[in-house]
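Novice: What follows is a single structure, and I will ask about it in a moment.
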Amino acid sequence: MPRLFASAREFLDEALREVYPDAHDRLDLSTDPETGLLSFVPPSDLVHRLKALPPDYVREQGLRDRLKVTFNRRLADSSLTRARASATSSWPDISLLTDLHPVMEWLTDKVLVRLDRQEAPVLTADVSRPTYLVQGIYSNALGRPTVVKWMAVTADGEVDDDMVAVLRRAQVGPTMANPGLAHDTARLAEAIPGVLDTAEAFLEQHREAWDEPLRAPIEEYKARLGAWEQPALTNGGAAPTHTRERLASLADSLLTTGRPMLRVLAVLAPATATAA
């Protein structure tokens, strides 16, 4: 998958500079370049996210007061080994940062909220025309996603549902240059309604095919419910019709329903604007 940062550590450093340019003062941030250890005082909104961690771990290691994290797996493993050998502590004092770690999720959300509602970034990329990166999500009656598609859509109606390939061709990545171009964002915004209509039409066109892998096991399950009902009636038991209908209805609720939710993630713009 193409990415804008060469590593998770690079993302963390850049995100901290963006959100907390004075992190060394506000968060009492300290770093050890040799070991890769990061230590800081978590702000209140991050402390709230620590509820996802075991309470004993949070309390014993005083994580609400100070966090010690690292991308260095060897350092994290060493901390875990010490904890296992300790007679007084069962939790490591240093945790390994991964994409799902509360610190990374917190930073990701902090960066994203810097974009106002109804806003998306514009990236100068190797494209011949503005290309809108759109996420389309179908859900079932329970509100859970059933189909998720990542598309690249142009204003003239072209859709490519291989967003990864589009990003690679556009040379989107950590080494891409920022030429400092000022794009006509008003004009780019004017095309969004048509782009979303094109994306929805594409999704509707392929919806049945994408639904088929989900529909087949559900129909098979409903057929088994019917087969189960017949012997129960034959044996003189209470009619299980209500139960069968309830289970069949529950199975149907897993199928895709309604219109897709569409979201513009970003716009790739050609390098044809005037330098700012």
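Within each chain, counting starts at residue 1; across the structure tokens, chains are named A, B, ... in the order shown, with ligands numbered 1 upward in that order.
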Which polymer residues have any atom within 7 Å of an atom of stretch 75-85 of chain A, counting only C-alpha atoms, with same-chain residues fewer than 4 positions away left out, as number ranges by chain?
Specialist: A: 70, 89-96
Novice: Write the residues you've just listed into a file as a PDB file, in the first residue's frame, and include all heavy atoms for each of them.
Specialist:
```
ATOM      1  N   THR A  70       8.070   2.674  22.456  1.00  0.00           N
ATOM      2  CA  THR A  70       9.170   2.533  21.514  1.00  0.00           C
ATOM      3  C   THR A  70       8.727   1.786  20.268  1.00  0.00           C
ATOM      4  O   THR A  70       7.759   1.014  20.313  1.00  0.00           O
ATOM      5  CB  THR A  70      10.350   1.788  22.166  1.00  0.00           C
ATOM      6  OG1 THR A  70      11.454   1.759  21.251  1.00  0.00           O
ATOM      7  CG2 THR A  70       9.961   0.351  22.506  1.00  0.00           C
ATOM      8  N   SER A  89       6.413  -7.065  39.653  1.00  0.00           N
ATOM      9  CA  SER A  89       5.647  -6.494  38.551  1.00  0.00           C
ATOM     10  C   SER A  89       5.412  -7.534  37.469  1.00  0.00           C
ATOM     11  O   SER A  89       6.311  -8.308  37.138  1.00  0.00           O
ATOM     12  CB  SER A  89       6.390  -5.289  37.954  1.00  0.00           C
ATOM     13  OG  SER A  89       5.719  -4.811  36.803  1.00  0.00           O
ATOM     14  N   SER A  90       4.219  -7.553  36.936  1.00  0.00           N
ATOM     15  CA  SER A  90       3.899  -8.508  35.866  1.00  0.00           C
ATOM     16  C   SER A  90       3.707  -7.806  34.532  1.00  0.00           C
ATOM     17  O   SER A  90       3.371  -8.443  33.533  1.00  0.00           O
ATOM     18  CB  SER A  90       2.619  -9.281  36.214  1.00  0.00           C
ATOM     19  OG  SER A  90       1.544  -8.378  36.445  1.00  0.00           O
ATOM     20  N   TRP A  91       3.932  -6.467  34.516  1.00  0.00           N
ATOM     21  CA  TRP A  91       3.721  -5.702  33.300  1.00  0.00           C
ATOM     22  C   TRP A  91       5.004  -4.996  32.890  1.00  0.00           C
ATOM     23  O   TRP A  91       5.731  -4.469  33.729  1.00  0.00           O
ATOM     24  CB  TRP A  91       2.619  -4.651  33.502  1.00  0.00           C
ATOM     25  CG  TRP A  91       1.288  -5.232  33.831  1.00  0.00           C
ATOM     26  CD1 TRP A  91       0.716  -5.342  35.056  1.00  0.00           C
ATOM     27  CD2 TRP A  91       0.368  -5.799  32.909  1.00  0.00           C
ATOM     28  NE1 TRP A  91      -0.506  -5.931  34.976  1.00  0.00           N
ATOM     29  CE2 TRP A  91      -0.761  -6.230  33.655  1.00  0.00           C
ATOM     30  CE3 TRP A  91       0.362  -5.992  31.531  1.00  0.00           C
ATOM     31  CZ2 TRP A  91      -1.861  -6.837  33.069  1.00  0.00           C
ATOM     32  CZ3 TRP A  91      -0.744  -6.598  30.943  1.00  0.00           C
ATOM     33  CH2 TRP A  91      -1.829  -7.005  31.701  1.00  0.00           C
ATOM     34  N   PRO A  92       5.294  -4.929  31.577  1.00  0.00           N
ATOM     35  CA  PRO A  92       6.488  -4.218  31.105  1.00  0.00           C
ATOM     36  C   PRO A  92       6.330  -2.714  31.284  1.00  0.00           C
ATOM     37  O   PRO A  92       5.224  -2.178  31.205  1.00  0.00           O
ATOM     38  CB  PRO A  92       6.563  -4.599  29.627  1.00  0.00           C
ATOM     39  CG  PRO A  92       5.148  -4.905  29.237  1.00  0.00           C
ATOM     40  CD  PRO A  92       4.531  -5.523  30.460  1.00  0.00           C
ATOM     41  N   ASP A  93       7.451  -2.024  31.541  1.00  0.00           N
ATOM     42  CA  ASP A  93       7.388  -0.577  31.716  1.00  0.00           C
ATOM     43  C   ASP A  93       7.500   0.162  30.389  1.00  0.00           C
ATOM     44  O   ASP A  93       7.277   1.381  30.334  1.00  0.00           O
ATOM     45  CB  ASP A  93       8.481  -0.104  32.680  1.00  0.00           C
ATOM     46  CG  ASP A  93       9.879  -0.414  32.167  1.00  0.00           C
ATOM     47  OD1 ASP A  93      10.019  -1.358  31.368  1.00  0.00           O
ATOM     48  OD2 ASP A  93      10.827   0.276  32.579  1.00  0.00           O
ATOM     49  N   ILE A  94       7.835  -0.565  29.311  1.00  0.00           N
ATOM     50  CA  ILE A  94       7.941   0.026  27.982  1.00  0.00           C
ATOM     51  C   ILE A  94       7.053  -0.762  27.031  1.00  0.00           C
ATOM     52  O   ILE A  94       7.149  -1.996  26.975  1.00  0.00           O
ATOM     53  CB  ILE A  94       9.397   0.000  27.468  1.00  0.00           C
ATOM     54  CG1 ILE A  94      10.320   0.759  28.427  1.00  0.00           C
ATOM     55  CG2 ILE A  94       9.491   0.596  26.072  1.00  0.00           C
ATOM     56  CD1 ILE A  94      11.794   0.624  28.086  1.00  0.00           C
ATOM     57  N   SER A  95       6.197  -0.087  26.305  1.00  0.00           N
ATOM     58  CA  SER A  95       5.303  -0.793  25.378  1.00  0.00           C
ATOM     59  C   SER A  95       5.722  -0.543  23.936  1.00  0.00           C
ATOM     60  O   SER A  95       6.273   0.510  23.602  1.00  0.00           O
ATOM     61  CB  SER A  95       3.843  -0.366  25.583  1.00  0.00           C
ATOM     62  OG  SER A  95       3.684   1.012  25.331  1.00  0.00           O
ATOM     63  N   LEU A  96       5.450  -1.531  23.092  1.00  0.00           N
ATOM     64  CA  LEU A  96       5.796  -1.452  21.672  1.00  0.00           C
ATOM     65  C   LEU A  96       4.701  -0.708  20.916  1.00  0.00           C
ATOM     66  O   LEU A  96       3.524  -1.037  21.018  1.00  0.00           O
ATOM     67  CB  LEU A  96       5.961  -2.858  21.103  1.00  0.00           C
ATOM     68  CG  LEU A  96       6.347  -2.950  19.624  1.00  0.00           C
ATOM     69  CD1 LEU A  96       7.757  -2.417  19.408  1.00  0.00           C
ATOM     70  CD2 LEU A  96       6.239  -4.398  19.127  1.00  0.00           C
TER      71      LEU A  96
END
```
Novice: Would you write out, as CSV, a table of all residues in stretch 65-181 of chain A that have an atom no more than 9 Å from an atom of stretch 49-53 of chain A, listing for each the closest atom pair and the distance in Å to one decimal, considering only C-alpha atoms and ordering rows by chain and rising residue number?
Specialist:
```
residue,atom,partner,partner_atom,distance
A:Pro102,CA,A:Arg49,CA,6.2
A:Val103,CA,A:Arg49,CA,8.3
A:Glu105,CA,A:Arg49,CA,9.0
A:Trp106,CA,A:Arg49,CA,7.6
```
Novice: Would you save the residues from that selection as a CSV table (one decimal), in the first residue's frame, using N, CA, C and O atoms?
Specialist:
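This went into part_11.csv:
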```csv
chain,number,residue,atom,x,y,z
A,102,PRO,N,-2.9,2.7,21.4
A,102,PRO,CA,-3.7,3.9,21.7
A,102,PRO,C,-2.9,5.2,21.3
A,102,PRO,O,-3.6,6.2,20.9
A,103,VAL,N,-1.6,5.2,21.5
A,103,VAL,CA,-0.9,6.5,21.2
A,103,VAL,C,-1.0,6.8,19.7
A,103,VAL,O,-1.1,7.9,19.3
A,105,GLU,N,-3.3,5.7,17.5
A,105,GLU,CA,-4.7,6.1,17.1
A,105,GLU,C,-5.0,7.5,17.6
A,105,GLU,O,-5.7,8.2,16.9
A,106,TRP,N,-4.5,7.8,18.7
A,106,TRP,CA,-4.7,9.2,19.3
A,106,TRP,C,-4.1,10.2,18.3
A,106,TRP,O,-4.7,11.2,18.0
```
Novice: If we count only C-alpha atoms and set the cut-off at 7 Å, which residues sit around A:Leu27, ignoring sequence neighbours fewer than 3 positions away in its own chain? Please answer as a VMD selection string.
Specialist: chain A and resid 23 to 24 40 to 42
Novice: Atom CA of A:Leu112 to atom CA of A:Thr185: how many Å, to one decimal?
Specialist: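 One can read the atom CA of A:Leu112 to atom CA of A:Thr185 distance as 18.9 Å.
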Novice: Pick out the residues sitting within 10 Å of stretch 5-12 of chain A, and hand them over as an mmCIF file with N, CA, C and O atoms, in the first residue's frame; count only C-alpha atoms, and ignore anything fewer than 4 positions along from it in its own chain.
Specialist:
```cif
data_model
loop_
_atom_site.group_PDB
_atom_site.id
_atom_site.type_symbol
_atom_site.label_atom_id
_atom_site.label_comp_id
_atom_site.auth_asym_id
_atom_site.auth_seq_id
_atom_site.Cartn_x
_atom_site.Cartn_y
_atom_site.Cartn_z
ATOM 1 N N LEU A 16 3.618 14.693 15.747
ATOM 2 C CA LEU A 16 3.885 15.438 16.982
ATOM 3 C C LEU A 16 4.300 16.871 16.669
ATOM 4 O O LEU A 16 3.879 17.818 17.356
ATOM 5 N N ARG A 17 5.117 17.062 15.626
ATOM 6 C CA ARG A 17 5.518 18.411 15.251
ATOM 7 C C ARG A 17 4.317 19.244 14.803
ATOM 8 O O ARG A 17 4.244 20.449 15.042
ATOM 9 N N GLU A 18 3.356 18.584 14.153
ATOM 10 C CA GLU A 18 2.171 19.285 13.658
ATOM 11 C C GLU A 18 1.214 19.637 14.789
ATOM 12 O O GLU A 18 0.695 20.762 14.853
ATOM 13 N N GLY A 36 15.758 4.370 20.992
ATOM 14 C CA GLY A 36 14.449 4.577 20.387
ATOM 15 C C GLY A 36 13.343 4.754 21.410
ATOM 16 O O GLY A 36 12.158 4.691 21.068
ATOM 17 N N THR A 70 8.070 2.674 22.456
ATOM 18 C CA THR A 70 9.170 2.533 21.514
ATOM 19 C C THR A 70 8.727 1.786 20.268
ATOM 20 O O THR A 70 7.759 1.014 20.313
ATOM 21 N N PHE A 71 9.421 2.021 19.158
ATOM 22 C CA PHE A 71 9.253 1.219 17.949
ATOM 23 C C PHE A 71 10.310 0.121 17.883
ATOM 24 O O PHE A 71 10.293 -0.704 16.980
ATOM 25 N N ASN A 72 11.223 0.131 18.832
ATOM 26 C CA ASN A 72 12.315 -0.835 18.896
ATOM 27 C C ASN A 72 11.815 -2.123 19.540
ATOM 28 O O ASN A 72 11.644 -2.193 20.761
ATOM 29 N N LEU A 97 5.102 0.285 20.151
ATOM 30 C CA LEU A 97 4.138 1.046 19.357
ATOM 31 C C LEU A 97 3.821 0.297 18.069
ATOM 32 O O LEU A 97 4.716 -0.081 17.315
ATOM 33 N N THR A 98 2.537 0.075 17.833
ATOM 34 C CA THR A 98 2.039 -0.491 16.584
ATOM 35 C C THR A 98 0.929 0.421 16.072
ATOM 36 O O THR A 98 0.524 1.377 16.744
ATOM 37 N N ASP A 99 0.419 0.113 14.888
ATOM 38 C CA ASP A 99 -0.640 0.948 14.316
ATOM 39 C C ASP A 99 -1.880 0.995 15.198
ATOM 40 O O ASP A 99 -2.644 1.969 15.150
ATOM 41 N N VAL A 103 -1.631 5.240 21.476
ATOM 42 C CA VAL A 103 -0.872 6.453 21.159
ATOM 43 C C VAL A 103 -0.954 6.767 19.666
ATOM 44 O O VAL A 103 -1.147 7.923 19.272
ATOM 45 N N MET A 104 -0.812 5.736 18.816
ATOM 46 C CA MET A 104 -0.856 5.954 17.376
ATOM 47 C C MET A 104 -2.255 6.345 16.918
ATOM 48 O O MET A 104 -2.426 7.224 16.064
ATOM 49 N N LEU A 107 -2.828 10.003 17.954
ATOM 50 C CA LEU A 107 -2.140 10.953 17.084
ATOM 51 C C LEU A 107 -2.800 11.048 15.711
ATOM 52 O O LEU A 107 -2.927 12.142 15.145
ATOM 53 N N THR A 108 -3.217 9.898 15.175
ATOM 54 C CA THR A 108 -3.888 9.894 13.872
ATOM 55 C C THR A 108 -5.145 10.748 13.922
ATOM 56 O O THR A 108 -5.397 11.578 13.036
ATOM 57 N N GLY A 173 4.022 9.005 -2.307
ATOM 58 C CA GLY A 173 4.865 8.282 -1.372
ATOM 59 C C GLY A 173 5.713 9.218 -0.536
ATOM 60 O O GLY A 173 5.628 10.453 -0.665
ATOM 61 N N PRO A 174 6.538 8.648 0.336
ATOM 62 C CA PRO A 174 7.331 9.463 1.266
ATOM 63 C C PRO A 174 8.307 10.406 0.584
ATOM 64 O O PRO A 174 8.672 11.437 1.150
ATOM 65 N N THR A 175 8.752 10.073 -0.633
ATOM 66 C CA THR A 175 9.760 10.897 -1.293
ATOM 67 C C THR A 175 9.164 11.912 -2.263
ATOM 68 O O THR A 175 9.911 12.630 -2.930
ATOM 69 N N MET A 176 7.838 11.980 -2.345
ATOM 70 C CA MET A 176 7.231 12.923 -3.276
ATOM 71 C C MET A 176 7.518 14.364 -2.833
ATOM 72 O O MET A 176 7.552 14.669 -1.641
#
```
Novice: I need the strand (DSSP E) residues of stretch 143-173 of chain A per DSSP on the backbone, written as a ChimeraX atom specification.
Specialist: /A:145-154,159-160
Novice: Based on the selection just made, write all heavy atoms of those residues as a PDB file, in the first residue's frame.
Specialist:
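Final file, out_7.pdb:
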```
ATOM      1  N   PRO A 145     -20.490  -2.621   8.092  1.00  0.00           N
ATOM      2  CA  PRO A 145     -20.058  -2.609   6.684  1.00  0.00           C
ATOM      3  C   PRO A 145     -20.106  -3.995   6.052  1.00  0.00           C
ATOM      4  O   PRO A 145     -19.719  -4.980   6.678  1.00  0.00           O
ATOM      5  CB  PRO A 145     -18.613  -2.098   6.761  1.00  0.00           C
ATOM      6  CG  PRO A 145     -18.541  -1.358   8.064  1.00  0.00           C
ATOM      7  CD  PRO A 145     -19.461  -2.105   8.994  1.00  0.00           C
ATOM      8  N   THR A 146     -20.606  -4.067   4.829  1.00  0.00           N
ATOM      9  CA  THR A 146     -20.605  -5.319   4.077  1.00  0.00           C
ATOM     10  C   THR A 146     -19.697  -5.235   2.854  1.00  0.00           C
ATOM     11  O   THR A 146     -19.099  -6.227   2.446  1.00  0.00           O
ATOM     12  CB  THR A 146     -22.027  -5.675   3.606  1.00  0.00           C
ATOM     13  OG1 THR A 146     -22.562  -4.569   2.856  1.00  0.00           O
ATOM     14  CG2 THR A 146     -22.937  -5.969   4.784  1.00  0.00           C
ATOM     15  N   VAL A 147     -19.591  -4.054   2.275  1.00  0.00           N
ATOM     16  CA  VAL A 147     -18.722  -3.828   1.114  1.00  0.00           C
ATOM     17  C   VAL A 147     -17.994  -2.508   1.328  1.00  0.00           C
ATOM     18  O   VAL A 147     -18.621  -1.493   1.624  1.00  0.00           O
ATOM     19  CB  VAL A 147     -19.523  -3.767  -0.204  1.00  0.00           C
ATOM     20  CG1 VAL A 147     -18.596  -3.433  -1.368  1.00  0.00           C
ATOM     21  CG2 VAL A 147     -20.251  -5.080  -0.464  1.00  0.00           C
ATOM     22  N   VAL A 148     -16.687  -2.534   1.210  1.00  0.00           N
ATOM     23  CA  VAL A 148     -15.878  -1.322   1.308  1.00  0.00           C
ATOM     24  C   VAL A 148     -15.020  -1.235   0.049  1.00  0.00           C
ATOM     25  O   VAL A 148     -14.265  -2.156  -0.251  1.00  0.00           O
ATOM     26  CB  VAL A 148     -14.984  -1.322   2.559  1.00  0.00           C
ATOM     27  CG1 VAL A 148     -14.148  -0.042   2.610  1.00  0.00           C
ATOM     28  CG2 VAL A 148     -15.817  -1.468   3.822  1.00  0.00           C
ATOM     29  N   LYS A 149     -15.145  -0.142  -0.678  1.00  0.00           N
ATOM     30  CA  LYS A 149     -14.400   0.044  -1.910  1.00  0.00           C
ATOM     31  C   LYS A 149     -13.635   1.370  -1.872  1.00  0.00           C
ATOM     32  O   LYS A 149     -14.152   2.390  -1.420  1.00  0.00           O
ATOM     33  CB  LYS A 149     -15.337   0.025  -3.133  1.00  0.00           C
ATOM     34  CG  LYS A 149     -15.839  -1.356  -3.492  1.00  0.00           C
ATOM     35  CD  LYS A 149     -14.696  -2.262  -3.920  1.00  0.00           C
ATOM     36  CE  LYS A 149     -15.161  -3.692  -4.125  1.00  0.00           C
ATOM     37  NZ  LYS A 149     -14.044  -4.576  -4.531  1.00  0.00           N
ATOM     38  N   TRP A 150     -12.406   1.303  -2.378  1.00  0.00           N
ATOM     39  CA  TRP A 150     -11.540   2.474  -2.452  1.00  0.00           C
ATOM     40  C   TRP A 150     -11.362   2.790  -3.926  1.00  0.00           C
ATOM     41  O   TRP A 150     -10.788   2.002  -4.666  1.00  0.00           O
ATOM     42  CB  TRP A 150     -10.204   2.187  -1.784  1.00  0.00           C
ATOM     43  CG  TRP A 150     -10.334   1.663  -0.384  1.00  0.00           C
ATOM     44  CD1 TRP A 150     -10.614   0.380  -0.021  1.00  0.00           C
ATOM     45  CD2 TRP A 150     -10.211   2.394   0.827  1.00  0.00           C
ATOM     46  NE1 TRP A 150     -10.671   0.258   1.344  1.00  0.00           N
ATOM     47  CE2 TRP A 150     -10.428   1.486   1.895  1.00  0.00           C
ATOM     48  CE3 TRP A 150      -9.936   3.729   1.120  1.00  0.00           C
ATOM     49  CZ2 TRP A 150     -10.371   1.878   3.226  1.00  0.00           C
ATOM     50  CZ3 TRP A 150      -9.876   4.114   2.459  1.00  0.00           C
ATOM     51  CH2 TRP A 150     -10.086   3.201   3.491  1.00  0.00           C
ATOM     52  N   MET A 151     -11.831   3.953  -4.342  1.00  0.00           N
ATOM     53  CA  MET A 151     -11.891   4.280  -5.767  1.00  0.00           C
ATOM     54  C   MET A 151     -11.142   5.569  -6.084  1.00  0.00           C
ATOM     55  O   MET A 151     -10.988   6.445  -5.234  1.00  0.00           O
ATOM     56  CB  MET A 151     -13.355   4.428  -6.197  1.00  0.00           C
ATOM     57  CG  MET A 151     -14.215   3.198  -5.971  1.00  0.00           C
ATOM     58  SD  MET A 151     -15.989   3.582  -6.131  1.00  0.00           S
ATOM     59  CE  MET A 151     -16.290   4.443  -4.570  1.00  0.00           C
ATOM     60  N   ALA A 152     -10.709   5.655  -7.328  1.00  0.00           N
ATOM     61  CA  ALA A 152     -10.171   6.901  -7.878  1.00  0.00           C
ATOM     62  C   ALA A 152     -11.120   7.325  -8.984  1.00  0.00           C
ATOM     63  O   ALA A 152     -11.350   6.580  -9.940  1.00  0.00           O
ATOM     64  CB  ALA A 152      -8.766   6.684  -8.420  1.00  0.00           C
ATOM     65  N   VAL A 153     -11.709   8.508  -8.855  1.00  0.00           N
ATOM     66  CA  VAL A 153     -12.768   8.965  -9.760  1.00  0.00           C
ATOM     67  C   VAL A 153     -12.378  10.310 -10.362  1.00  0.00           C
ATOM     68  O   VAL A 153     -11.893  11.203  -9.657  1.00  0.00           O
ATOM     69  CB  VAL A 153     -14.112   9.109  -9.010  1.00  0.00           C
ATOM     70  CG1 VAL A 153     -15.232   9.420  -9.974  1.00  0.00           C
ATOM     71  CG2 VAL A 153     -14.424   7.848  -8.208  1.00  0.00           C
ATOM     72  N   THR A 154     -12.597  10.452 -11.658  1.00  0.00           N
ATOM     73  CA  THR A 154     -12.334  11.726 -12.324  1.00  0.00           C
ATOM     74  C   THR A 154     -13.650  12.420 -12.644  1.00  0.00           C
ATOM     75  O   THR A 154     -14.708  11.789 -12.694  1.00  0.00           O
ATOM     76  CB  THR A 154     -11.536  11.523 -13.623  1.00  0.00           C
ATOM     77  OG1 THR A 154     -12.309  10.725 -14.524  1.00  0.00           O
ATOM     78  CG2 THR A 154     -10.208  10.837 -13.342  1.00  0.00           C
ATOM     79  N   VAL A 159     -13.762   5.683 -13.492  1.00  0.00           N
ATOM     80  CA  VAL A 159     -13.627   5.118 -12.148  1.00  0.00           C
ATOM     81  C   VAL A 159     -12.618   3.971 -12.184  1.00  0.00           C
ATOM     82  O   VAL A 159     -12.690   3.097 -13.045  1.00  0.00           O
ATOM     83  CB  VAL A 159     -14.979   4.581 -11.611  1.00  0.00           C
ATOM     84  CG1 VAL A 159     -14.801   4.001 -10.208  1.00  0.00           C
ATOM     85  CG2 VAL A 159     -16.024   5.685 -11.605  1.00  0.00           C
ATOM     86  N   ASP A 160     -11.694   3.999 -11.255  1.00  0.00           N
ATOM     87  CA  ASP A 160     -10.734   2.900 -11.081  1.00  0.00           C
ATOM     88  C   ASP A 160     -10.852   2.446  -9.637  1.00  0.00           C
ATOM     89  O   ASP A 160     -10.592   3.221  -8.711  1.00  0.00           O
ATOM     90  CB  ASP A 160      -9.311   3.384 -11.384  1.00  0.00           C
ATOM     91  CG  ASP A 160      -8.304   2.228 -11.466  1.00  0.00           C
ATOM     92  OD1 ASP A 160      -8.506   1.227 -10.756  1.00  0.00           O
ATOM     93  OD2 ASP A 160      -7.324   2.348 -12.220  1.00  0.00           O
TER      94      ASP A 160
END
```
Novice: From the list A:Glu219, A:Asp156, A:Asp13, A:Asp161, which residue is nearest A:Gly194 when using only C-alpha atoms?
Specialist: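 Nearest to A:Gly194: A:Asp156.
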Novice: So how many Å separate atom CA of A:Glu158 and atom CA of A:Gly258, to one decimal?
Specialist: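 So the two atoms, atom CA of A:Glu158 and atom CA of A:Gly258, lie 23.8 Å apart.
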Novice: For atom CA of A:Val127 and atom CA of A:Ala182, quote the distance in Å rounded to one decimal.
Specialist: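 Separating atom CA of A:Val127 from atom CA of A:Ala182 is a distance of 15.9 Å.
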Novice: Find the residues near A:Asp126: any atom within 7 Å, counting only C-alpha atoms, skip ones fewer than 3 places away on the same chain, and give them as a list in words.
Specialist: Ala170, Gln171 and Pro270 of chain A
Novice: Using backbone DSSP assignments, extract all helix (DSSP H, G or I) residues from stretch 16-134 of chain A; output them as a PyMOL selection string.
Specialist: chain A and resi 16-19+23-26+44-52+55-60+73-85+102-112
Novice: When you look at A:Pro121 with a cut-off of 12 Å (counting only C-alpha atoms), what residues show up, excluding the ones that are within fewer than 2 positions of it in the same chain? I need them as an mmCIF file with N, CA, C and O atoms, in the first residue's frame.
Specialist:
```
data_model
loop_
_atom_site.group_PDB
_atom_site.id
_atom_site.type_symbol
_atom_site.label_atom_id
_atom_site.label_comp_id
_atom_site.auth_asym_id
_atom_site.auth_seq_id
_atom_site.Cartn_x
_atom_site.Cartn_y
_atom_site.Cartn_z
ATOM 1 N N VAL A 111 -4.405 14.516 14.112
ATOM 2 C CA VAL A 111 -4.035 15.092 12.823
ATOM 3 C C VAL A 111 -5.276 15.253 11.942
ATOM 4 O O VAL A 111 -5.460 16.286 11.287
ATOM 5 N N LEU A 112 -6.131 14.239 11.936
ATOM 6 C CA LEU A 112 -7.311 14.287 11.072
ATOM 7 C C LEU A 112 -8.266 15.407 11.455
ATOM 8 O O LEU A 112 -8.878 16.035 10.581
ATOM 9 N N ARG A 114 -7.671 18.216 12.372
ATOM 10 C CA ARG A 114 -7.193 19.526 11.947
ATOM 11 C C ARG A 114 -7.797 19.914 10.599
ATOM 12 O O ARG A 114 -7.741 21.079 10.197
ATOM 13 N N LEU A 115 -8.361 18.906 9.912
ATOM 14 C CA LEU A 115 -9.163 19.189 8.724
ATOM 15 C C LEU A 115 -10.599 19.443 9.162
ATOM 16 O O LEU A 115 -11.177 18.640 9.900
ATOM 17 N N ASP A 116 -11.168 20.550 8.747
ATOM 18 C CA ASP A 116 -12.552 20.841 9.105
ATOM 19 C C ASP A 116 -13.496 19.877 8.395
ATOM 20 O O ASP A 116 -13.119 19.184 7.447
ATOM 21 N N ARG A 117 -14.724 19.837 8.864
ATOM 22 C CA ARG A 117 -15.745 19.032 8.204
ATOM 23 C C ARG A 117 -15.897 19.482 6.754
ATOM 24 O O ARG A 117 -15.769 20.662 6.442
ATOM 25 N N GLN A 118 -16.181 18.528 5.899
ATOM 26 C CA GLN A 118 -16.357 18.792 4.471
ATOM 27 C C GLN A 118 -15.063 19.271 3.809
ATOM 28 O O GLN A 118 -15.098 19.953 2.779
ATOM 29 N N GLU A 119 -13.924 18.922 4.390
ATOM 30 C CA GLU A 119 -12.635 19.270 3.791
ATOM 31 C C GLU A 119 -11.829 18.011 3.505
ATOM 32 O O GLU A 119 -11.970 16.998 4.194
ATOM 33 N N LEU A 123 -3.359 16.941 -3.026
ATOM 34 C CA LEU A 123 -1.957 16.566 -3.202
ATOM 35 C C LEU A 123 -1.538 16.787 -4.646
ATOM 36 O O LEU A 123 -2.223 16.346 -5.573
ATOM 37 N N THR A 124 -0.433 17.482 -4.834
ATOM 38 C CA THR A 124 0.115 17.627 -6.178
ATOM 39 C C THR A 124 0.807 16.312 -6.542
ATOM 40 O O THR A 124 1.735 15.889 -5.860
ATOM 41 N N TYR A 132 -10.124 12.189 -7.827
ATOM 42 C CA TYR A 132 -10.699 12.197 -6.483
ATOM 43 C C TYR A 132 -10.625 10.796 -5.874
ATOM 44 O O TYR A 132 -11.099 9.829 -6.481
ATOM 45 N N LEU A 133 -10.030 10.703 -4.701
ATOM 46 C CA LEU A 133 -9.943 9.428 -3.995
ATOM 47 C C LEU A 133 -11.179 9.302 -3.107
ATOM 48 O O LEU A 133 -11.386 10.109 -2.201
ATOM 49 N N HIS A 183 -3.576 25.400 -5.825
ATOM 50 C CA HIS A 183 -4.594 24.845 -6.718
ATOM 51 C C HIS A 183 -5.916 25.590 -6.557
ATOM 52 O O HIS A 183 -6.203 26.166 -5.505
ATOM 53 N N THR A 185 -8.998 25.385 -5.499
ATOM 54 C CA THR A 185 -9.813 24.480 -4.686
ATOM 55 C C THR A 185 -11.309 24.681 -4.916
ATOM 56 O O THR A 185 -12.085 23.740 -4.799
ATOM 57 N N LEU A 188 -12.131 22.641 -7.878
ATOM 58 C CA LEU A 188 -12.085 21.226 -7.517
ATOM 59 C C LEU A 188 -13.337 20.837 -6.730
ATOM 60 O O LEU A 188 -13.894 19.752 -6.922
ATOM 61 N N ALA A 189 -13.792 21.721 -5.865
ATOM 62 C CA ALA A 189 -14.978 21.434 -5.050
ATOM 63 C C ALA A 189 -16.241 21.380 -5.901
ATOM 64 O O ALA A 189 -17.159 20.595 -5.611
ATOM 65 N N VAL A 264 -14.990 11.611 0.336
ATOM 66 C CA VAL A 264 -13.815 12.033 -0.434
ATOM 67 C C VAL A 264 -12.634 12.085 0.525
ATOM 68 O O VAL A 264 -12.635 12.856 1.491
ATOM 69 N N LEU A 265 -11.618 11.272 0.254
ATOM 70 C CA LEU A 265 -10.457 11.189 1.131
ATOM 71 C C LEU A 265 -9.410 12.243 0.785
ATOM 72 O O LEU A 265 -8.778 12.824 1.673
ATOM 73 N N ALA A 266 -9.214 12.467 -0.503
ATOM 74 C CA ALA A 266 -8.213 13.437 -0.965
ATOM 75 C C ALA A 266 -8.407 13.654 -2.453
ATOM 76 O O ALA A 266 -9.155 12.915 -3.112
ATOM 77 N N VAL A 267 -7.729 14.657 -2.976
ATOM 78 C CA VAL A 267 -7.748 14.932 -4.407
ATOM 79 C C VAL A 267 -6.309 14.983 -4.893
ATOM 80 O O VAL A 267 -5.462 15.674 -4.305
ATOM 81 N N LEU A 268 -6.024 14.209 -5.943
ATOM 82 C CA LEU A 268 -4.725 14.296 -6.598
ATOM 83 C C LEU A 268 -4.847 15.305 -7.737
ATOM 84 O O LEU A 268 -5.688 15.153 -8.613
ATOM 85 N N ALA A 269 -4.038 16.343 -7.679
ATOM 86 C CA ALA A 269 -4.121 17.414 -8.670
ATOM 87 C C ALA A 269 -2.831 17.465 -9.485
ATOM 88 O O ALA A 269 -1.742 17.289 -8.934
#
```
